[in-house]
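Novice: The following file, target28.pdb, comprises PDB, C-alpha atoms:
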```pdb
ATOM      1  CA  GLU Y  25      -2.131  14.960  14.753
ATOM      2  CA  SER Y  26       0.943  17.198  14.856
ATOM      3  CA  SER Y  27       3.106  14.263  13.767
ATOM      4  CA  GLU Y  28       1.372  14.395  10.353
ATOM      5  CA  GLU Y  29       2.667  17.887   9.662
ATOM      6  CA  GLU Y  30       6.228  19.090   9.485
ATOM      7  CA  THR Y  31       7.399  21.128  12.432
ATOM      8  CA  PRO Y  32       8.291  24.779  11.772
ATOM      9  CA  LYS Y  33      11.982  24.000  12.391
ATOM     10  CA  GLU Y  34      11.981  21.319   9.664
ATOM     11  CA  GLU Y  35      10.197  23.656   7.236
ATOM     12  CA  GLU Y  36      12.685  26.452   7.997
ATOM     13  CA  LYS Y  37      15.629  24.072   7.542
ATOM     14  CA  ASP Y  38      14.278  22.962   4.142
ATOM     15  CA  LEU Y  39      13.812  26.569   3.080
ATOM     16  CA  VAL Y  40      17.297  27.493   4.259
ATOM     17  CA  ASP Y  41      18.869  24.508   2.452
ATOM     18  CA  ALA Y  42      16.894  25.341  -0.701
ATOM     19  CA  ASN Y  43      18.195  28.926  -0.751
ATOM     20  CA  ILE Y  44      21.883  28.100  -0.243
ATOM     21  CA  GLU Y  45      24.074  27.967  -3.333
ATOM     22  CA  PRO Y  46      25.503  24.481  -4.082
ATOM     23  CA  GLU Y  47      29.107  25.499  -3.394
ATOM     24  CA  GLU Y  48      28.142  26.678   0.111
ATOM     25  CA  LEU Y  49      26.646  23.315   1.081
ATOM     26  CA  THR Y  50      28.477  20.579   2.934
ATOM     27  CA  ARG Y  51      28.961  17.238   1.204
ATOM     28  CA  LEU Y  52      26.111  15.738   3.182
ATOM     29  CA  GLN Y  53      23.782  18.615   2.290
ATOM     30  CA  ARG Y  54      24.662  18.270  -1.413
ATOM     31  CA  LEU Y  55      23.944  14.534  -1.235
ATOM     32  CA  ARG Y  56      20.645  15.198   0.526
ATOM     33  CA  ARG Y  57      19.695  17.769  -2.133
ATOM     34  CA  ARG Y  58      20.589  15.320  -4.923
ATOM     35  CA  VAL Y  59      18.666  12.410  -3.394
ATOM     36  CA  PHE Y  60      15.780  14.515  -2.060
ATOM     37  CA  PRO Y  61      15.525  17.618  -4.251
ATOM     38  CA  PRO Y  62      13.712  20.588  -2.704
ATOM     39  CA  LYS Y  63      10.011  20.545  -3.513
ATOM     40  CA  GLU Y  64       7.912  23.441  -4.641
ATOM     41  CA  ASP Y  65       5.891  24.604  -1.654
ATOM     42  CA  ASP Y  66       2.212  24.458  -2.600
ATOM     43  CA  GLY Y  67       1.243  25.750   0.839
ATOM     44  CA  LEU Y  68      -0.708  22.609   1.704
ATOM     45  CA  THR Y  69      -0.279  20.651   4.921
ATOM     46  CA  PHE Y  70       0.203  16.880   4.827
ATOM     47  CA  ARG Y  71      -3.473  16.380   5.713
ATOM     48  CA  GLN Y  72      -4.580  18.738   2.916
ATOM     49  CA  LYS Y  73      -2.351  16.921   0.416
ATOM     50  CA  MET Y  74      -3.920  13.598   1.429
ATOM     51  CA  ALA Y  75      -7.428  15.048   1.095
ATOM     52  CA  LYS Y  76      -6.503  16.359  -2.357
ATOM     53  CA  ALA Y  77      -5.244  12.914  -3.389
ATOM     54  CA  GLY Y  78      -8.458  11.579  -1.892
ATOM     55  CA  LEU Y  79     -10.371   8.993  -3.823
ATOM     56  CA  SER Y  80      -7.511   7.493  -5.810
ATOM     57  CA  VAL Y  81      -5.541   6.928  -2.583
ATOM     58  CA  ALA Y  82      -8.597   5.343  -0.938
ATOM     59  CA  LEU Y  83      -9.097   3.045  -3.949
ATOM     60  CA  SER Y  84      -5.454   2.067  -4.060
ATOM     61  CA  TYR Y  85      -5.314   1.549  -0.276
ATOM     62  CA  GLY Y  86      -8.168  -0.931  -0.549
ATOM     63  CA  TRP Y  87      -6.342  -2.761  -3.315
ATOM     64  CA  VAL Y  88      -2.943  -2.746  -1.550
ATOM     65  CA  SER Y  89      -4.567  -4.028   1.662
ATOM     66  CA  ASN Y  90      -6.446  -6.754  -0.194
ATOM     67  CA  VAL Y  91      -3.260  -7.878  -1.943
ATOM     68  CA  SER Y  92      -1.420  -7.884   1.378
ATOM     69  CA  TYR Y  93      -4.091  -9.991   3.062
ATOM     70  CA  ALA Y  94      -4.380 -12.373   0.088
ATOM     71  CA  VAL Y  95      -0.622 -12.972   0.198
ATOM     72  CA  THR Y  96      -0.594 -13.527   3.969
ATOM     73  CA  VAL Y  97      -3.594 -15.889   3.849
ATOM     74  CA  SER Y  98      -1.756 -17.864   1.161
ATOM     75  CA  LEU Y  99       1.433 -17.970   3.243
ATOM     76  CA  ALA Y 100      -0.509 -19.059   6.322
ATOM     77  CA  TRP Y 101      -2.256 -21.716   4.212
ATOM     78  CA  TYR Y 102       1.108 -23.042   3.029
ATOM     79  CA  ILE Y 103       2.656 -23.086   6.524
ATOM     80  CA  PHE Y 104      -0.378 -24.746   8.097
ATOM     81  CA  SER Y 105      -0.692 -27.356   5.335
ATOM     82  CA  LYS Y 106       3.022 -28.118   5.314
ATOM     83  CA  ARG Y 107       3.166 -28.559   9.097
ATOM     84  CA  SER Y 108      -0.064 -30.501   9.524
ATOM     85  CA  GLY Y 109      -0.315 -32.340   6.210
ATOM     86  CA  LEU Y 110      -3.957 -31.216   6.092
ATOM     87  CA  SER Y 111      -5.964 -28.526   4.374
ATOM     88  CA  PRO Y 112      -7.411 -25.806   6.606
ATOM     89  CA  LEU Y 113     -10.763 -26.820   5.094
ATOM     90  CA  ALA Y 114     -10.503 -30.364   6.491
ATOM     91  CA  PRO Y 115     -12.883 -31.025   9.407
ATOM     92  CA  GLY Y 116     -11.594 -29.589  12.680
ATOM     93  CA  GLN Y 117      -8.599 -27.764  11.127
ATOM     94  CA  TRP Y 118      -9.925 -24.227  10.854
ATOM     95  CA  LYS Y 119      -8.972 -23.257  14.429
ATOM     96  CA  GLY Y 120      -5.355 -24.339  13.867
ATOM     97  CA  PHE Y 121      -5.203 -22.440  10.590
ATOM     98  CA  LEU Y 122      -6.536 -19.282  12.231
ATOM     99  CA  ALA Y 123      -3.811 -19.563  14.892
ATOM    100  CA  VAL Y 124      -1.155 -19.513  12.139
ATOM    101  CA  TYR Y 125      -2.922 -16.704  10.304
ATOM    102  CA  ALA Y 126      -3.169 -14.602  13.491
ATOM    103  CA  GLY Y 127       0.586 -13.975  13.353
ATOM    104  CA  PHE Y 128       0.284 -12.700   9.795
ATOM    105  CA  TYR Y 129      -2.687 -10.559  10.791
ATOM    106  CA  VAL Y 130      -0.598  -8.868  13.483
ATOM    107  CA  PHE Y 131       2.206  -8.375  10.947
ATOM    108  CA  ASN Y 132      -0.231  -6.764   8.482
ATOM    109  CA  ASN Y 133      -1.300  -4.288  11.142
ATOM    110  CA  ILE Y 134       2.289  -3.433  12.010
ATOM    111  CA  VAL Y 135       3.125  -2.684   8.363
ATOM    112  CA  ARG Y 136       0.015  -0.555   7.820
ATOM    113  CA  PRO Y 137       2.086   2.633   7.318
ATOM    114  CA  ILE Y 138       4.026   0.851   4.567
ATOM    115  CA  ARG Y 139       0.760  -0.244   2.961
ATOM    116  CA  PHE Y 140      -0.442   3.348   3.103
ATOM    117  CA  ALA Y 141       2.775   4.602   1.494
ATOM    118  CA  LEU Y 142       2.406   2.000  -1.261
ATOM    119  CA  SER Y 143      -1.181   3.056  -1.830
ATOM    120  CA  VAL Y 144      -0.106   6.672  -2.280
ATOM    121  CA  SER Y 145       2.519   5.597  -4.812
ATOM    122  CA  VAL Y 146       0.101   3.452  -6.868
ATOM    123  CA  SER Y 147      -2.832   5.879  -6.659
ATOM    124  CA  ILE Y 148      -1.843   7.471  -9.983
ATOM    125  CA  TYR Y 149      -2.579   4.144 -11.686
ATOM    126  CA  PHE Y 150      -6.049   4.032 -10.181
ATOM    127  CA  GLU Y 151      -6.676   7.564 -11.448
ATOM    128  CA  ARG Y 152      -5.625   6.388 -14.914
ATOM    129  CA  VAL Y 153      -7.852   3.279 -14.762
ATOM    130  CA  VAL Y 154     -10.872   5.369 -13.712
ATOM    131  CA  ALA Y 155     -10.175   7.853 -16.538
ATOM    132  CA  ALA Y 156      -9.679   5.037 -19.069
ATOM    133  CA  ILE Y 157     -12.939   3.307 -18.083
ATOM    134  CA  GLN Y 158     -14.743   6.633 -18.166
ATOM    135  CA  SER Y 159     -13.390   7.394 -21.640
ATOM    136  CA  LYS Y 160     -13.673   3.896 -23.150
ATOM    137  CA  PHE Y 161     -17.218   3.161 -21.976
ATOM    138  CA  LYS Y 162     -18.495   6.772 -21.989
ATOM    139  CA  VAL Y 163     -19.746   6.540 -18.416
ATOM    140  CA  SER Y 164     -19.811   9.004 -15.537
ATOM    141  CA  LYS Y 165     -16.931   9.183 -13.098
ATOM    142  CA  GLY Y 166     -19.067   7.519 -10.412
ATOM    143  CA  VAL Y 167     -19.788   4.520 -12.637
ATOM    144  CA  ALA Y 168     -16.105   4.320 -13.634
ATOM    145  CA  ILE Y 169     -15.133   4.330  -9.949
ATOM    146  CA  GLY Y 170     -17.681   1.601  -9.204
ATOM    147  CA  LEU Y 171     -16.339  -0.548 -12.052
ATOM    148  CA  THR Y 172     -12.763   0.021 -10.879
ATOM    149  CA  VAL Y 173     -13.637  -1.001  -7.320
ATOM    150  CA  PHE Y 174     -15.460  -4.085  -8.576
ATOM    151  CA  LEU Y 175     -12.682  -5.151 -10.960
ATOM    152  CA  ALA Y 176      -9.679  -4.403  -8.738
ATOM    153  CA  ASN Y 177     -10.981  -4.950  -5.228
ATOM    154  CA  VAL Y 178     -13.547  -7.693  -5.777
ATOM    155  CA  VAL Y 179     -12.603  -9.674  -8.894
ATOM    156  CA  GLY Y 180      -8.880  -9.010  -8.454
ATOM    157  CA  THR Y 181      -8.871  -9.980  -4.781
ATOM    158  CA  ILE Y 182     -10.862 -13.171  -5.321
ATOM    159  CA  THR Y 183      -8.596 -14.141  -8.221
ATOM    160  CA  LEU Y 184      -5.418 -13.453  -6.247
ATOM    161  CA  MET Y 185      -6.734 -15.285  -3.183
ATOM    162  CA  CYS Y 186      -7.711 -18.373  -5.218
ATOM    163  CA  LEU Y 187      -4.409 -18.344  -7.096
ATOM    164  CA  GLY Y 188      -2.387 -17.871  -3.897
ATOM    165  CA  ILE Y 189      -4.195 -20.645  -2.036
ATOM    166  CA  SER Y 190      -3.858 -22.971  -5.040
ATOM    167  CA  ILE Y 191      -0.107 -22.324  -5.238
ATOM    168  CA  ALA Y 192       0.238 -22.720  -1.456
ATOM    169  CA  ALA Y 193      -1.632 -26.031  -1.506
ATOM    170  CA  ALA Y 194       0.401 -27.339  -4.447
ATOM    171  CA  ALA Y 195       3.683 -26.272  -2.833
ATOM    172  CA  ALA Y 196       2.688 -27.946   0.449
ATOM    173  CA  GLY Y 197       1.560 -31.058  -1.399
ATOM    174  CA  VAL Y 198      -1.889 -30.943   0.205
ATOM    175  CA  PRO Y 199      -5.043 -30.584  -1.913
ATOM    176  CA  VAL Y 200      -7.177 -27.522  -1.108
ATOM    177  CA  TRP Y 201     -10.314 -29.594  -0.520
ATOM    178  CA  ALA Y 202      -8.663 -32.481   1.360
TER     179      ALA Y 202
END
```
Starting from the file, give its structure as C-alpha cells.
Specialist:
Amino acid sequence: ESSEEETPKEEEKDLVDANIEPEELTRLQRLRRRVFPPKEDDGLTFRQKMAKAGLSVALSYGWVSNVSYAVTVSLAWYIFSKRSGLSPLAPGQWKGFLAVYAGFYVFNNIVRPIRFALSVSVSIYFERVVAAIQSKFKVSKGVAIGLTVFLANVVGTITLMCLGISIAAAAAGVPVWA
C-alpha cells in the first residue's frame, strides 16, 4: 500500500527542486525539470487521485484489457494455425490452442501495470464519449455510461476479436472453420 504513495523524502526532494532557481540546478536537474516539469500539488495521494479519476479509468481499463486479450488471442490463433496447419476450432485442437494461448495469458498478467497506465492515459477519451452520448441523445449519465460500455467493451471487443482471428487465419493460410 505504501508503494502507491510517494515517500516523504521524494516529496521533499520534488519541493526542493521546484523551489531552486534554474541557474542553481545541475545539468541533470535542469534536464529532469524540462522533461518532468514540477506539478502543482493538489494535496491528493495517489490513491485519492485514482478514486477521483474513477469511472473513466475503470471504463478505459476494461477496454484496454479487452484489446490486449483480443490481440493476444489473435496472435495465439496465428501461431497455433501456422504450426499445426489446423484451426483451433477443428476437432481435438482446442487443448493445443489453449497451450499456446497460456503463454500469452501469462504475458498479459505481467504487463498489467502497463495496461493500467494506458487506461489512465486514454480515460479522458472515455469521459468525452460519455459526455458526447449524454449530449447527443439527451440521456442521463448512467445511460450514457451503459451505452459506452456496450459499444466499446462489447461490440468493440467482439469486432476486434473477429477481425483479429480472421487476419490471423488468413495470414496462417488456415480457414477459421476448418
Novice: Would you translate the PyMOL selection byres ((chain Y and resi 106) around 12) into the concrete set of residues it matches in this file, as a PyMOL selection string?
Specialist: chain Y and resi 99-105+107-112+121+124+192-199
Novice: When you look at Ser98 in chain Y with a cut-off of 8 Å (counting all atoms listed in the file), what residues show up, excluding the ones that are within fewer than 6 positions of it in the same chain? I need them as JSON, numbers by chain.
Specialist: {"Y": [185, 188, 189, 191, 192]}
Novice: With distances taken over all atoms listed in the file, which residue among Y:Leu49, Y:Val81, Y:Trp87, Y:Arg54 lies nearest Ile182 in chain Y?
Specialist: Y:Trp87
Novice: Taking the file above as input, evaluate the PyMOL selection byres ((chain Y and resi 147-153) around 9) and report the hits as a PDB file with C-alpha atoms, keeping the file's coordinate frame.
Specialist:
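Dumped to part.pdb:
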```
ATOM      1  CA  ALA Y  77      -5.244  12.914  -3.389  1.00  0.00           C
ATOM      2  CA  LEU Y  79     -10.371   8.993  -3.823  1.00  0.00           C
ATOM      3  CA  SER Y  80      -7.511   7.493  -5.810  1.00  0.00           C
ATOM      4  CA  VAL Y  81      -5.541   6.928  -2.583  1.00  0.00           C
ATOM      5  CA  ALA Y  82      -8.597   5.343  -0.938  1.00  0.00           C
ATOM      6  CA  LEU Y  83      -9.097   3.045  -3.949  1.00  0.00           C
ATOM      7  CA  SER Y  84      -5.454   2.067  -4.060  1.00  0.00           C
ATOM      8  CA  TYR Y  85      -5.314   1.549  -0.276  1.00  0.00           C
ATOM      9  CA  LEU Y 142       2.406   2.000  -1.261  1.00  0.00           C
ATOM     10  CA  SER Y 143      -1.181   3.056  -1.830  1.00  0.00           C
ATOM     11  CA  VAL Y 144      -0.106   6.672  -2.280  1.00  0.00           C
ATOM     12  CA  SER Y 145       2.519   5.597  -4.812  1.00  0.00           C
ATOM     13  CA  VAL Y 146       0.101   3.452  -6.868  1.00  0.00           C
ATOM     14  CA  VAL Y 154     -10.872   5.369 -13.712  1.00  0.00           C
ATOM     15  CA  ALA Y 155     -10.175   7.853 -16.538  1.00  0.00           C
ATOM     16  CA  ALA Y 156      -9.679   5.037 -19.069  1.00  0.00           C
ATOM     17  CA  ILE Y 157     -12.939   3.307 -18.083  1.00  0.00           C
ATOM     18  CA  GLN Y 158     -14.743   6.633 -18.166  1.00  0.00           C
ATOM     19  CA  ALA Y 168     -16.105   4.320 -13.634  1.00  0.00           C
ATOM     20  CA  ILE Y 169     -15.133   4.330  -9.949  1.00  0.00           C
ATOM     21  CA  THR Y 172     -12.763   0.021 -10.879  1.00  0.00           C
TER      22      THR Y 172
END
```
Novice: Could you state which residues are captured by the PyMOL selection byres ((chain Y and resi 177) around 10) in this file, as a PyMOL selection string?
Specialist: chain Y and resi 83-91+171-176+178-183
